[in-house]
Structure formats: structure tokens, C-alpha cells
file input-v9.txt (compact mmCIF, N, CA and C atoms and all ligand atoms)
# COMPACT_ATOMS: atom_id res chain seq x y z
N MET Z 918 -96.30 44.56 -44.18
CA MET Z 918 -96.99 45.73 -43.64
C MET Z 918 -96.18 46.99 -43.94
N LYS Z 919 -96.90 48.11 -44.07
CA LYS Z 919 -96.20 49.39 -44.21
C LYS Z 919 -96.12 50.03 -42.83
N ILE Z 920 -94.90 50.33 -42.41
CA ILE Z 920 -94.70 50.82 -41.04
C ILE Z 920 -93.94 52.13 -41.06
N ALA Z 921 -94.53 53.16 -40.43
CA ALA Z 921 -93.83 54.44 -40.26
C ALA Z 921 -93.07 54.39 -38.94
N ILE Z 922 -91.86 54.93 -38.95
CA ILE Z 922 -91.07 54.94 -37.72
C ILE Z 922 -90.49 56.34 -37.52
N GLY Z 923 -90.45 56.76 -36.26
CA GLY Z 923 -89.88 58.07 -35.94
C GLY Z 923 -89.26 58.04 -34.56
N CYS Z 924 -88.33 58.93 -34.35
CA CYS Z 924 -87.67 59.00 -33.04
C CYS Z 924 -87.16 60.42 -32.81
N ASP Z 925 -86.73 60.67 -31.58
CA ASP Z 925 -85.98 61.90 -31.32
C ASP Z 925 -84.54 61.50 -31.04
N HIS Z 926 -83.74 62.46 -30.58
CA HIS Z 926 -82.32 62.18 -30.31
C HIS Z 926 -82.16 61.11 -29.23
N GLY Z 927 -83.12 61.03 -28.30
CA GLY Z 927 -83.05 60.03 -27.23
C GLY Z 927 -83.38 58.63 -27.73
N GLY Z 928 -84.00 58.55 -28.90
CA GLY Z 928 -84.45 57.25 -29.39
C GLY Z 928 -83.66 56.73 -30.58
N ILE Z 929 -82.72 57.53 -31.05
CA ILE Z 929 -82.08 57.18 -32.33
C ILE Z 929 -81.29 55.87 -32.27
N ASP Z 930 -80.63 55.61 -31.15
CA ASP Z 930 -79.83 54.37 -31.08
C ASP Z 930 -80.73 53.14 -31.19
N LEU Z 931 -81.90 53.20 -30.55
CA LEU Z 931 -82.80 52.05 -30.64
C LEU Z 931 -83.45 51.97 -32.01
N LYS Z 932 -83.71 53.13 -32.62
CA LYS Z 932 -84.28 53.08 -33.99
C LYS Z 932 -83.30 52.35 -34.92
N LYS Z 933 -82.02 52.54 -34.68
CA LYS Z 933 -81.01 51.87 -35.53
C LYS Z 933 -81.04 50.35 -35.37
N VAL Z 934 -81.66 49.87 -34.30
CA VAL Z 934 -81.84 48.42 -34.10
C VAL Z 934 -83.19 47.98 -34.68
N VAL Z 935 -84.23 48.78 -34.42
CA VAL Z 935 -85.59 48.38 -34.79
C VAL Z 935 -85.82 48.46 -36.30
N LEU Z 936 -85.31 49.51 -36.92
CA LEU Z 936 -85.57 49.69 -38.36
C LEU Z 936 -85.04 48.53 -39.21
N PRO Z 937 -83.78 48.12 -39.02
CA PRO Z 937 -83.32 46.95 -39.80
C PRO Z 937 -84.07 45.67 -39.47
N LEU Z 938 -84.53 45.54 -38.23
CA LEU Z 938 -85.34 44.35 -37.88
C LEU Z 938 -86.63 44.34 -38.71
N LEU Z 939 -87.27 45.50 -38.80
CA LEU Z 939 -88.52 45.58 -39.57
C LEU Z 939 -88.27 45.20 -41.02
N GLU Z 940 -87.17 45.69 -41.57
CA GLU Z 940 -86.83 45.36 -42.96
C GLU Z 940 -86.55 43.87 -43.12
N LYS Z 941 -85.82 43.34 -42.14
CA LYS Z 941 -85.50 41.90 -42.19
C LYS Z 941 -86.77 41.04 -42.13
N LEU Z 942 -87.78 41.55 -41.43
CA LEU Z 942 -89.05 40.82 -41.32
C LEU Z 942 -89.93 41.01 -42.57
N GLY Z 943 -89.44 41.82 -43.51
CA GLY Z 943 -90.15 41.98 -44.78
C GLY Z 943 -91.11 43.16 -44.84
N HIS Z 944 -91.07 44.04 -43.84
CA HIS Z 944 -91.98 45.19 -43.84
C HIS Z 944 -91.41 46.33 -44.68
N GLU Z 945 -92.34 47.16 -45.16
CA GLU Z 945 -91.93 48.36 -45.90
C GLU Z 945 -91.86 49.50 -44.89
N VAL Z 946 -90.68 50.06 -44.71
CA VAL Z 946 -90.48 51.02 -43.61
C VAL Z 946 -90.36 52.45 -44.14
N TYR Z 947 -91.09 53.36 -43.49
CA TYR Z 947 -91.05 54.78 -43.85
C TYR Z 947 -90.44 55.54 -42.67
N ASP Z 948 -89.18 55.90 -42.81
CA ASP Z 948 -88.46 56.56 -41.72
C ASP Z 948 -88.73 58.07 -41.74
N GLN Z 949 -89.36 58.54 -40.68
CA GLN Z 949 -89.72 59.96 -40.59
C GLN Z 949 -88.71 60.77 -39.78
N GLY Z 950 -87.51 60.20 -39.53
CA GLY Z 950 -86.48 60.92 -38.78
C GLY Z 950 -86.68 60.76 -37.29
N THR Z 951 -85.92 61.42 -36.49
CA THR Z 951 -84.74 62.18 -36.80
C THR Z 951 -83.59 61.23 -37.15
N ASN Z 952 -82.60 61.75 -37.79
CA ASN Z 952 -81.49 60.88 -38.16
C ASN Z 952 -80.14 61.42 -37.70
N SER Z 953 -80.16 62.20 -36.63
CA SER Z 953 -78.89 62.61 -36.02
C SER Z 953 -79.10 62.68 -34.50
N THR Z 954 -78.02 62.88 -33.79
CA THR Z 954 -78.14 62.96 -32.32
C THR Z 954 -78.35 64.40 -31.84
N ASP Z 955 -78.53 65.32 -32.78
CA ASP Z 955 -78.83 66.71 -32.38
C ASP Z 955 -80.18 66.75 -31.66
N SER Z 956 -80.26 67.58 -30.64
CA SER Z 956 -81.49 67.67 -29.86
C SER Z 956 -82.65 68.19 -30.72
N VAL Z 957 -83.77 67.46 -30.68
CA VAL Z 957 -84.96 67.84 -31.45
C VAL Z 957 -86.19 67.72 -30.55
N ASP Z 958 -87.32 68.20 -31.04
CA ASP Z 958 -88.57 68.16 -30.27
C ASP Z 958 -89.42 66.97 -30.72
N TYR Z 959 -89.61 66.01 -29.82
CA TYR Z 959 -90.27 64.76 -30.21
C TYR Z 959 -91.69 64.92 -30.76
N PRO Z 960 -92.49 65.93 -30.35
CA PRO Z 960 -93.86 66.00 -30.90
C PRO Z 960 -93.89 66.12 -32.43
N ARG Z 961 -92.88 66.74 -33.02
CA ARG Z 961 -92.83 66.86 -34.49
C ARG Z 961 -92.78 65.49 -35.15
N PHE Z 962 -92.01 64.59 -34.56
CA PHE Z 962 -91.82 63.26 -35.14
C PHE Z 962 -93.02 62.37 -34.85
N ALA Z 963 -93.62 62.58 -33.68
CA ALA Z 963 -94.86 61.86 -33.36
C ALA Z 963 -95.93 62.23 -34.38
N SER Z 964 -96.04 63.50 -34.67
CA SER Z 964 -97.02 64.00 -35.63
C SER Z 964 -96.82 63.40 -37.02
N ALA Z 965 -95.58 63.37 -37.46
CA ALA Z 965 -95.27 62.86 -38.81
C ALA Z 965 -95.68 61.39 -38.94
N VAL Z 966 -95.38 60.61 -37.92
CA VAL Z 966 -95.72 59.18 -37.95
C VAL Z 966 -97.24 58.99 -37.83
N CYS Z 967 -97.86 59.73 -36.92
CA CYS Z 967 -99.33 59.63 -36.76
C CYS Z 967 -100.03 59.98 -38.07
N ASP Z 968 -99.58 61.02 -38.73
CA ASP Z 968 -100.22 61.43 -39.99
C ASP Z 968 -100.19 60.29 -41.00
N MET Z 969 -99.07 59.59 -41.09
CA MET Z 969 -98.96 58.50 -42.07
C MET Z 969 -99.93 57.36 -41.74
N VAL Z 970 -100.17 57.14 -40.45
CA VAL Z 970 -101.11 56.08 -40.04
C VAL Z 970 -102.55 56.54 -40.27
N VAL Z 971 -102.84 57.77 -39.88
CA VAL Z 971 -104.20 58.29 -40.01
C VAL Z 971 -104.59 58.39 -41.49
N GLU Z 972 -103.64 58.80 -42.32
CA GLU Z 972 -103.92 58.92 -43.76
C GLU Z 972 -103.89 57.57 -44.47
N LYS Z 973 -103.59 56.53 -43.73
CA LYS Z 973 -103.51 55.14 -44.24
C LYS Z 973 -102.38 54.93 -45.25
N THR Z 974 -101.40 55.81 -45.24
CA THR Z 974 -100.19 55.56 -46.03
C THR Z 974 -99.46 54.39 -45.41
N CYS Z 975 -99.57 54.28 -44.08
CA CYS Z 975 -98.95 53.16 -43.35
C CYS Z 975 -100.01 52.44 -42.52
N ASP Z 976 -99.75 51.15 -42.28
CA ASP Z 976 -100.68 50.35 -41.47
C ASP Z 976 -100.49 50.63 -39.98
N ARG Z 977 -99.25 50.79 -39.59
CA ARG Z 977 -98.92 51.02 -38.18
C ARG Z 977 -97.69 51.90 -38.06
N GLY Z 978 -97.45 52.38 -36.82
CA GLY Z 978 -96.29 53.24 -36.58
C GLY Z 978 -95.53 52.83 -35.33
N ILE Z 979 -94.27 53.19 -35.31
CA ILE Z 979 -93.43 52.96 -34.13
C ILE Z 979 -92.72 54.28 -33.80
N LEU Z 980 -92.82 54.69 -32.53
CA LEU Z 980 -92.21 55.95 -32.08
C LEU Z 980 -91.27 55.67 -30.91
N ILE Z 981 -90.08 56.24 -30.99
CA ILE Z 981 -89.07 55.97 -29.96
C ILE Z 981 -88.48 57.28 -29.46
N CYS Z 982 -88.54 57.48 -28.14
CA CYS Z 982 -87.82 58.60 -27.53
C CYS Z 982 -87.07 58.04 -26.32
N GLY Z 983 -86.60 58.89 -25.42
CA GLY Z 983 -85.81 58.39 -24.31
C GLY Z 983 -86.60 57.44 -23.42
N THR Z 984 -87.79 57.88 -23.04
CA THR Z 984 -88.63 57.06 -22.17
C THR Z 984 -89.82 56.44 -22.89
N GLY Z 985 -90.16 56.96 -24.04
CA GLY Z 985 -91.38 56.56 -24.75
C GLY Z 985 -92.60 57.33 -24.26
N ILE Z 986 -92.46 58.04 -23.16
CA ILE Z 986 -93.62 58.72 -22.55
C ILE Z 986 -94.06 59.92 -23.38
N GLY Z 987 -93.11 60.77 -23.73
CA GLY Z 987 -93.46 61.97 -24.51
C GLY Z 987 -94.07 61.60 -25.85
N MET Z 988 -93.50 60.61 -26.50
CA MET Z 988 -94.03 60.17 -27.80
C MET Z 988 -95.45 59.64 -27.64
N SER Z 989 -95.70 58.86 -26.58
CA SER Z 989 -97.05 58.29 -26.43
C SER Z 989 -98.06 59.38 -26.08
N MET Z 990 -97.64 60.34 -25.25
CA MET Z 990 -98.57 61.44 -24.92
C MET Z 990 -98.90 62.24 -26.17
N ALA Z 991 -97.88 62.57 -26.95
CA ALA Z 991 -98.08 63.37 -28.16
C ALA Z 991 -98.96 62.62 -29.16
N ALA Z 992 -98.66 61.35 -29.37
CA ALA Z 992 -99.41 60.56 -30.37
C ALA Z 992 -100.87 60.42 -29.97
N ASN Z 993 -101.13 60.23 -28.68
CA ASN Z 993 -102.51 60.01 -28.24
C ASN Z 993 -103.36 61.27 -28.22
N ARG Z 994 -102.79 62.41 -28.56
CA ARG Z 994 -103.60 63.63 -28.73
C ARG Z 994 -104.46 63.52 -29.99
N ASN Z 995 -104.06 62.61 -30.87
CA ASN Z 995 -104.78 62.41 -32.13
C ASN Z 995 -105.89 61.37 -31.89
N ASN Z 996 -107.14 61.73 -32.22
CA ASN Z 996 -108.28 60.86 -31.93
C ASN Z 996 -108.24 59.51 -32.64
N ALA Z 997 -107.56 59.45 -33.77
CA ALA Z 997 -107.52 58.20 -34.54
C ALA Z 997 -106.35 57.31 -34.14
N ILE Z 998 -105.57 57.78 -33.19
CA ILE Z 998 -104.37 57.03 -32.77
C ILE Z 998 -104.60 56.36 -31.42
N ARG Z 999 -104.19 55.11 -31.36
CA ARG Z 999 -104.14 54.38 -30.08
C ARG Z 999 -102.69 53.96 -29.91
N ALA Z 1000 -101.93 54.80 -29.20
CA ALA Z 1000 -100.50 54.56 -29.02
C ALA Z 1000 -100.27 53.85 -27.69
N ALA Z 1001 -99.48 52.80 -27.71
CA ALA Z 1001 -99.21 52.02 -26.50
C ALA Z 1001 -97.72 52.01 -26.20
N LEU Z 1002 -97.41 52.39 -24.98
CA LEU Z 1002 -96.01 52.37 -24.52
C LEU Z 1002 -95.76 51.00 -23.88
N CYS Z 1003 -94.95 50.18 -24.52
CA CYS Z 1003 -94.77 48.80 -24.06
C CYS Z 1003 -93.30 48.46 -23.90
N HIS Z 1004 -92.96 47.93 -22.73
CA HIS Z 1004 -91.59 47.53 -22.48
C HIS Z 1004 -91.49 46.06 -22.08
N ASP Z 1005 -92.57 45.33 -22.34
CA ASP Z 1005 -92.53 43.89 -22.10
C ASP Z 1005 -93.45 43.21 -23.11
N ILE Z 1006 -93.26 41.92 -23.25
CA ILE Z 1006 -93.95 41.18 -24.31
C ILE Z 1006 -95.46 41.07 -24.02
N PHE Z 1007 -95.82 40.91 -22.74
CA PHE Z 1007 -97.24 40.77 -22.40
C PHE Z 1007 -98.04 42.02 -22.79
N THR Z 1008 -97.54 43.21 -22.40
CA THR Z 1008 -98.30 44.42 -22.73
C THR Z 1008 -98.28 44.69 -24.23
N ALA Z 1009 -97.19 44.31 -24.90
CA ALA Z 1009 -97.15 44.48 -26.35
C ALA Z 1009 -98.27 43.65 -26.99
N ARG Z 1010 -98.42 42.39 -26.55
CA ARG Z 1010 -99.46 41.52 -27.10
C ARG Z 1010 -100.85 42.06 -26.76
N MET Z 1011 -101.04 42.46 -25.49
CA MET Z 1011 -102.38 42.92 -25.07
C MET Z 1011 -102.76 44.24 -25.72
N SER Z 1012 -101.77 45.08 -25.99
CA SER Z 1012 -102.08 46.37 -26.63
C SER Z 1012 -102.63 46.16 -28.03
N ARG Z 1013 -102.30 45.04 -28.64
CA ARG Z 1013 -102.86 44.71 -29.95
C ARG Z 1013 -104.18 43.96 -29.78
N GLU Z 1014 -104.16 42.92 -28.94
CA GLU Z 1014 -105.32 42.04 -28.80
C GLU Z 1014 -106.53 42.79 -28.24
N HIS Z 1015 -106.34 43.60 -27.22
CA HIS Z 1015 -107.46 44.26 -26.55
C HIS Z 1015 -107.65 45.71 -26.97
N ASN Z 1016 -106.58 46.39 -27.35
CA ASN Z 1016 -106.68 47.83 -27.60
C ASN Z 1016 -106.48 48.21 -29.07
N ASN Z 1017 -106.15 47.25 -29.90
CA ASN Z 1017 -105.89 47.52 -31.32
C ASN Z 1017 -104.94 48.70 -31.50
N ALA Z 1018 -103.88 48.72 -30.72
CA ALA Z 1018 -102.90 49.81 -30.80
C ALA Z 1018 -102.36 49.92 -32.22
N ASN Z 1019 -102.38 51.14 -32.74
CA ASN Z 1019 -101.83 51.31 -34.10
C ASN Z 1019 -100.46 51.99 -34.08
N ILE Z 1020 -100.02 52.39 -32.87
CA ILE Z 1020 -98.67 52.91 -32.71
C ILE Z 1020 -98.04 52.22 -31.48
N LEU Z 1021 -96.82 51.77 -31.66
CA LEU Z 1021 -96.04 51.23 -30.53
C LEU Z 1021 -95.00 52.28 -30.14
N CYS Z 1022 -94.96 52.61 -28.84
CA CYS Z 1022 -93.93 53.54 -28.35
C CYS Z 1022 -92.93 52.77 -27.50
N LEU Z 1023 -91.68 53.15 -27.67
CA LEU Z 1023 -90.59 52.51 -26.92
C LEU Z 1023 -89.70 53.58 -26.31
N GLY Z 1024 -89.15 53.27 -25.15
CA GLY Z 1024 -88.19 54.17 -24.50
C GLY Z 1024 -86.80 53.59 -24.61
N ALA Z 1025 -85.96 54.24 -25.37
CA ALA Z 1025 -84.62 53.71 -25.64
C ALA Z 1025 -83.73 53.72 -24.40
N ARG Z 1026 -84.10 54.56 -23.40
CA ARG Z 1026 -83.31 54.61 -22.17
C ARG Z 1026 -83.89 53.68 -21.11
N VAL Z 1027 -84.93 52.93 -21.50
CA VAL Z 1027 -85.61 52.04 -20.55
C VAL Z 1027 -85.36 50.58 -20.89
N ILE Z 1028 -85.42 50.28 -22.18
CA ILE Z 1028 -85.41 48.89 -22.64
C ILE Z 1028 -84.13 48.62 -23.44
N GLY Z 1029 -83.60 47.43 -23.30
CA GLY Z 1029 -82.41 47.04 -24.07
C GLY Z 1029 -82.80 46.60 -25.48
N PRO Z 1030 -81.83 46.54 -26.37
CA PRO Z 1030 -82.14 46.21 -27.76
C PRO Z 1030 -82.73 44.81 -27.96
N GLY Z 1031 -82.26 43.83 -27.18
CA GLY Z 1031 -82.75 42.46 -27.35
C GLY Z 1031 -84.23 42.35 -27.00
N LEU Z 1032 -84.61 42.91 -25.86
CA LEU Z 1032 -86.03 42.85 -25.45
C LEU Z 1032 -86.88 43.71 -26.39
N ALA Z 1033 -86.34 44.85 -26.80
CA ALA Z 1033 -87.08 45.72 -27.73
C ALA Z 1033 -87.42 44.97 -29.01
N GLU Z 1034 -86.49 44.19 -29.50
CA GLU Z 1034 -86.76 43.42 -30.72
C GLU Z 1034 -87.89 42.43 -30.50
N GLU Z 1035 -87.89 41.77 -29.35
CA GLU Z 1035 -88.96 40.80 -29.06
C GLU Z 1035 -90.31 41.49 -28.90
N VAL Z 1036 -90.30 42.66 -28.26
CA VAL Z 1036 -91.53 43.44 -28.08
C VAL Z 1036 -92.09 43.84 -29.44
N VAL Z 1037 -91.23 44.30 -30.31
CA VAL Z 1037 -91.66 44.72 -31.66
C VAL Z 1037 -92.24 43.52 -32.42
N LYS Z 1038 -91.56 42.39 -32.35
CA LYS Z 1038 -92.03 41.20 -33.08
C LYS Z 1038 -93.41 40.76 -32.58
N GLU Z 1039 -93.57 40.75 -31.26
CA GLU Z 1039 -94.86 40.34 -30.67
C GLU Z 1039 -95.96 41.31 -31.07
N TRP Z 1040 -95.64 42.59 -31.02
CA TRP Z 1040 -96.63 43.64 -31.35
C TRP Z 1040 -97.08 43.53 -32.81
N LEU Z 1041 -96.15 43.24 -33.68
CA LEU Z 1041 -96.48 43.13 -35.10
C LEU Z 1041 -97.25 41.85 -35.42
N ALA Z 1042 -97.00 40.82 -34.66
CA ALA Z 1042 -97.58 39.50 -34.97
C ALA Z 1042 -98.97 39.31 -34.38
N THR Z 1043 -99.39 40.18 -33.47
CA THR Z 1043 -100.66 39.95 -32.75
C THR Z 1043 -101.81 40.70 -33.40
N ASP Z 1044 -102.92 39.99 -33.61
CA ASP Z 1044 -104.11 40.60 -34.19
C ASP Z 1044 -105.06 41.12 -33.11
N PHE Z 1045 -105.90 42.07 -33.49
CA PHE Z 1045 -106.93 42.60 -32.62
C PHE Z 1045 -108.01 41.52 -32.43
N ALA Z 1046 -108.46 41.33 -31.19
CA ALA Z 1046 -109.44 40.28 -30.90
C ALA Z 1046 -110.87 40.70 -31.24
N GLU Z 1047 -111.10 41.97 -31.47
CA GLU Z 1047 -112.43 42.52 -31.81
C GLU Z 1047 -113.46 42.20 -30.70
N GLY Z 1048 -114.71 41.87 -31.06
CA GLY Z 1048 -115.74 41.55 -30.06
C GLY Z 1048 -115.94 42.70 -29.08
N ARG Z 1049 -115.98 42.39 -27.79
CA ARG Z 1049 -116.24 43.41 -26.77
C ARG Z 1049 -115.15 44.48 -26.76
N HIS Z 1050 -113.98 44.11 -27.22
CA HIS Z 1050 -112.87 45.09 -27.24
C HIS Z 1050 -113.10 46.18 -28.28
N LEU Z 1051 -113.78 45.82 -29.35
CA LEU Z 1051 -114.11 46.82 -30.37
C LEU Z 1051 -115.07 47.85 -29.79
N ARG Z 1052 -116.10 47.36 -29.08
CA ARG Z 1052 -117.06 48.28 -28.44
C ARG Z 1052 -116.33 49.24 -27.52
N ARG Z 1053 -115.38 48.73 -26.78
CA ARG Z 1053 -114.68 49.55 -25.79
C ARG Z 1053 -113.81 50.62 -26.44
N ILE Z 1054 -113.08 50.23 -27.48
CA ILE Z 1054 -112.21 51.26 -28.09
C ILE Z 1054 -113.03 52.28 -28.86
N GLU Z 1055 -114.26 51.88 -29.25
CA GLU Z 1055 -115.12 52.86 -29.93
C GLU Z 1055 -115.70 53.88 -28.95
N MET Z 1056 -115.54 53.63 -27.66
CA MET Z 1056 -116.08 54.55 -26.65
C MET Z 1056 -115.14 55.72 -26.37
N PHE Z 1057 -113.92 55.67 -26.91
CA PHE Z 1057 -113.03 56.82 -26.70
C PHE Z 1057 -112.51 57.37 -28.01
C1 LIG X 1 -85.21 63.93 -24.48
O1 LIG X 1 -84.17 64.22 -23.61
C2 LIG X 1 -86.31 63.22 -23.73
O2 LIG X 1 -87.01 64.13 -22.94
C3 LIG X 1 -87.25 62.53 -24.70
O3 LIG X 1 -86.53 61.64 -25.48
C4 LIG X 1 -88.38 61.72 -24.10
O4 LIG X 1 -87.90 60.83 -23.14
C5 LIG X 1 -89.55 62.46 -23.64
O5 LIG X 1 -90.53 61.89 -23.17

call {"tool": "encode", "arguments": {"input": "input-v9.txt", "output": "C-alpha cells", "more": "lines below"}}
Ligand code: RB5
result
Amino acid sequence: MKIAIGCDHGGIDLKKVVLPLLEKLGHEVYDQGTNSTDSVDYPRFASAVCDMVVEKTCDRGILICGTGIGMSMAANRNNAIRAALCHDIFTARMSREHNNANILCLGARVIGPGLAEEVVKEWLATDFAEGRHLRRIEMF
């Protein structure tokens, strides 16, 4: 899969864990920054990742900030984006199965690296169930 990834200064440490995991799993990763701990504005990075997904340059995106909240709010301003903030394996799976989430948001100050890796793996491995769930996501 082609995966765009972006973070702010609050998310950079976790991106350093998630990005190599994606590569190890065989995905093609497009890093949209940031790549330093200097303070930056997360909506810029949310936008860059969303654009790659909306333009179909990438299949899915991952956004990481301190809590994941700002990234998910910013990403969901885009009508073609269904961004899900997930900090456990169940919601990661359901965000794909029921909501066809095309962006996963993570909070680096909320979740540890080990669980984050499992959440990412589950999110990438789960397919959309379609059926009634397709009708529902088409309503928003
Ligand atoms: C940055 O300090 C922090 O506000 C940001 O990473 C994120 O948590 C916003 O939602």
C-alpha cells in the first residue's frame, strides 16, 4: 500500500516508530514531515497528508500529533476524508470495518510505541465491510 504520513513536533517521536514499521511491512511510505522538534502548526501537515489521499497518490494516511485530536479535527474538515483517532485495537479495526477510515490519527502523548504498532497493524490489515456501512458513510 502507498501510505502518506505526517506529524507535528508532538508526534515526531512516535512517527519515528511508525514509519519504519510501515516500511518493514512492505508499504511505500510518503513522509510529509515535520522532521524536527521545532514547534509547527499541525493543520499544515494534516492538509499535506489528506491531499495525497484525496488525489489518490496514496491509499491511506497516518497523522500523529500530541493527542491526535487536532490532526483528526483538521483532517475531517475535508469531505473526502474519514479520519479516525484510535488508541486501541478494537476501535482501529472498527474504524476500517464500519467507517472505511482512510486516515488513522494517533496521539503520541497518549499511546505507547508498542500499542501504537499493534493499532497500526490492525488498521492496515482490516478491510471495509461495505453493505449497510457503505450507505451510512455515504450519508455524510
Ligand atoms: C502541540 O503542543 C499539540 O497541541 C498538538 O500536538 C496536538 O496535540 C493538538 O491537538

call {"tool": "residues_around", "arguments": {"input": "input-v9.txt", "residues": "region 1030-1046 of chain Z", "least_positions_apart": "6", "cutoff": "10 Å", "atoms": "only C-alpha atoms", "output": "number ranges by chain"}}
result
Z: 918, 920, 930-936, 938-939, 942, 977, 979, 1003-1024

call {"tool": "closest_residue", "arguments": {"input": "input-v9.txt", "among": "Z:Gly928, Z:Gly923, Z:Gly1048, Z:Gly1029", "to": "ligand LIG 1 (chain X)", "atoms": "all atoms listed in the file"}}
result
Z:Gly928

call {"tool": "residues_near_ligand", "arguments": {"input": "input-v9.txt", "ligand": "ligand LIG 1 (chain X)", "cutoff": "5 Å", "atoms": "all atoms listed in the file", "output": "VMD selection string"}}
result
chain Z and resid 927 982 to 988

call {"tool": "write_last_selection", "arguments": {"input": "input-v9.txt", "atoms": "N, CA and C atoms", "output": "PDB file, in the coordinates of the input"}}
result
ATOM      1  N   GLY Z 927     -83.120  61.030 -28.300  1.00  0.00           N
ATOM      2  CA  GLY Z 927     -83.050  60.030 -27.230  1.00  0.00           C
ATOM      3  C   GLY Z 927     -83.380  58.630 -27.730  1.00  0.00           C
ATOM      4  N   CYS Z 982     -88.540  57.480 -28.140  1.00  0.00           N
ATOM      5  CA  CYS Z 982     -87.820  58.600 -27.530  1.00  0.00           C
ATOM      6  C   CYS Z 982     -87.070  58.040 -26.320  1.00  0.00           C
ATOM      7  N   GLY Z 983     -86.600  58.890 -25.420  1.00  0.00           N
ATOM      8  CA  GLY Z 983     -85.810  58.390 -24.310  1.00  0.00           C
ATOM      9  C   GLY Z 983     -86.600  57.440 -23.420  1.00  0.00           C
ATOM     10  N   THR Z 984     -87.790  57.880 -23.040  1.00  0.00           N
ATOM     11  CA  THR Z 984     -88.630  57.060 -22.170  1.00  0.00           C
ATOM     12  C   THR Z 984     -89.820  56.440 -22.890  1.00  0.00           C
ATOM     13  N   GLY Z 985     -90.160  56.960 -24.040  1.00  0.00           N
ATOM     14  CA  GLY Z 985     -91.380  56.560 -24.750  1.00  0.00           C
ATOM     15  C   GLY Z 985     -92.600  57.330 -24.260  1.00  0.00           C
ATOM     16  N   ILE Z 986     -92.460  58.040 -23.160  1.00  0.00           N
ATOM     17  CA  ILE Z 986     -93.620  58.720 -22.550  1.00  0.00           C
ATOM     18  C   ILE Z 986     -94.060  59.920 -23.380  1.00  0.00           C
ATOM     19  N   GLY Z 987     -93.110  60.770 -23.730  1.00  0.00           N
ATOM     20  CA  GLY Z 987     -93.460  61.970 -24.510  1.00  0.00           C
ATOM     21  C   GLY Z 987     -94.070  61.600 -25.850  1.00  0.00           C
ATOM     22  N   MET Z 988     -93.500  60.610 -26.500  1.00  0.00           N
ATOM     23  CA  MET Z 988     -94.030  60.170 -27.800  1.00  0.00           C
ATOM     24  C   MET Z 988     -95.450  59.640 -27.640  1.00  0.00           C
TER      25      MET Z 988
END

call {"tool": "residues_around", "arguments": {"input": "input-v9.txt", "residues": "Asn952 (chain Z)", "least_positions_apart": "3", "cutoff": "8 Å", "atoms": "only N, CA and C atoms", "output": "ChimeraX atom specification"}}
result
/Z:924-926,929,949,955

call {"tool": "write_last_selection", "arguments": {"input": "input-v9.txt", "atoms": "N, CA and C atoms", "output": "PDB file, keeping the file's coordinate frame"}}
result
ATOM      1  N   CYS Z 924     -88.330  58.930 -34.350  1.00  0.00           N
ATOM      2  CA  CYS Z 924     -87.670  59.000 -33.040  1.00  0.00           C
ATOM      3  C   CYS Z 924     -87.160  60.420 -32.810  1.00  0.00           C
ATOM      4  N   ASP Z 925     -86.730  60.670 -31.580  1.00  0.00           N
ATOM      5  CA  ASP Z 925     -85.980  61.900 -31.320  1.00  0.00           C
ATOM      6  C   ASP Z 925     -84.540  61.500 -31.040  1.00  0.00           C
ATOM      7  N   HIS Z 926     -83.740  62.460 -30.580  1.00  0.00           N
ATOM      8  CA  HIS Z 926     -82.320  62.180 -30.310  1.00  0.00           C
ATOM      9  C   HIS Z 926     -82.160  61.110 -29.230  1.00  0.00           C
ATOM     10  N   ILE Z 929     -82.720  57.530 -31.050  1.00  0.00           N
ATOM     11  CA  ILE Z 929     -82.080  57.180 -32.330  1.00  0.00           C
ATOM     12  C   ILE Z 929     -81.290  55.870 -32.270  1.00  0.00           C
ATOM     13  N   GLN Z 949     -89.360  58.540 -40.680  1.00  0.00           N
ATOM     14  CA  GLN Z 949     -89.720  59.960 -40.590  1.00  0.00           C
ATOM     15  C   GLN Z 949     -88.710  60.770 -39.780  1.00  0.00           C
ATOM     16  N   ASP Z 955     -78.530  65.320 -32.780  1.00  0.00           N
ATOM     17  CA  ASP Z 955     -78.830  66.710 -32.380  1.00  0.00           C
ATOM     18  C   ASP Z 955     -80.180  66.750 -31.660  1.00  0.00           C
TER      19      ASP Z 955
END

call {"tool": "select_by_dssp", "arguments": {"input": "input-v9.txt", "residues": "region 933-1051 of chain Z", "states": "strand (DSSP E or B)", "output": "list of chain:residue names"}}
result
Z:Glu945, Z:Val946, Z:Tyr947, Z:Asp948, Z:Arg977, Z:Gly978, Z:Ile979, Z:Leu980, Z:Ile981, Z:Cys982, Z:Ala1000, Z:Ala1001, Z:Leu1002, Z:Ile1020, Z:Leu1021, Z:Cys1022, Z:Leu1023, Z:Gly1024

call {"tool": "closest_residue", "arguments": {"input": "input-v9.txt", "among": "Z:His1050, Z:Val946, Z:Tyr959, Z:Asn995", "to": "Ala921 (chain Z)", "atoms": "all atoms listed in the file"}}
result
Z:Val946
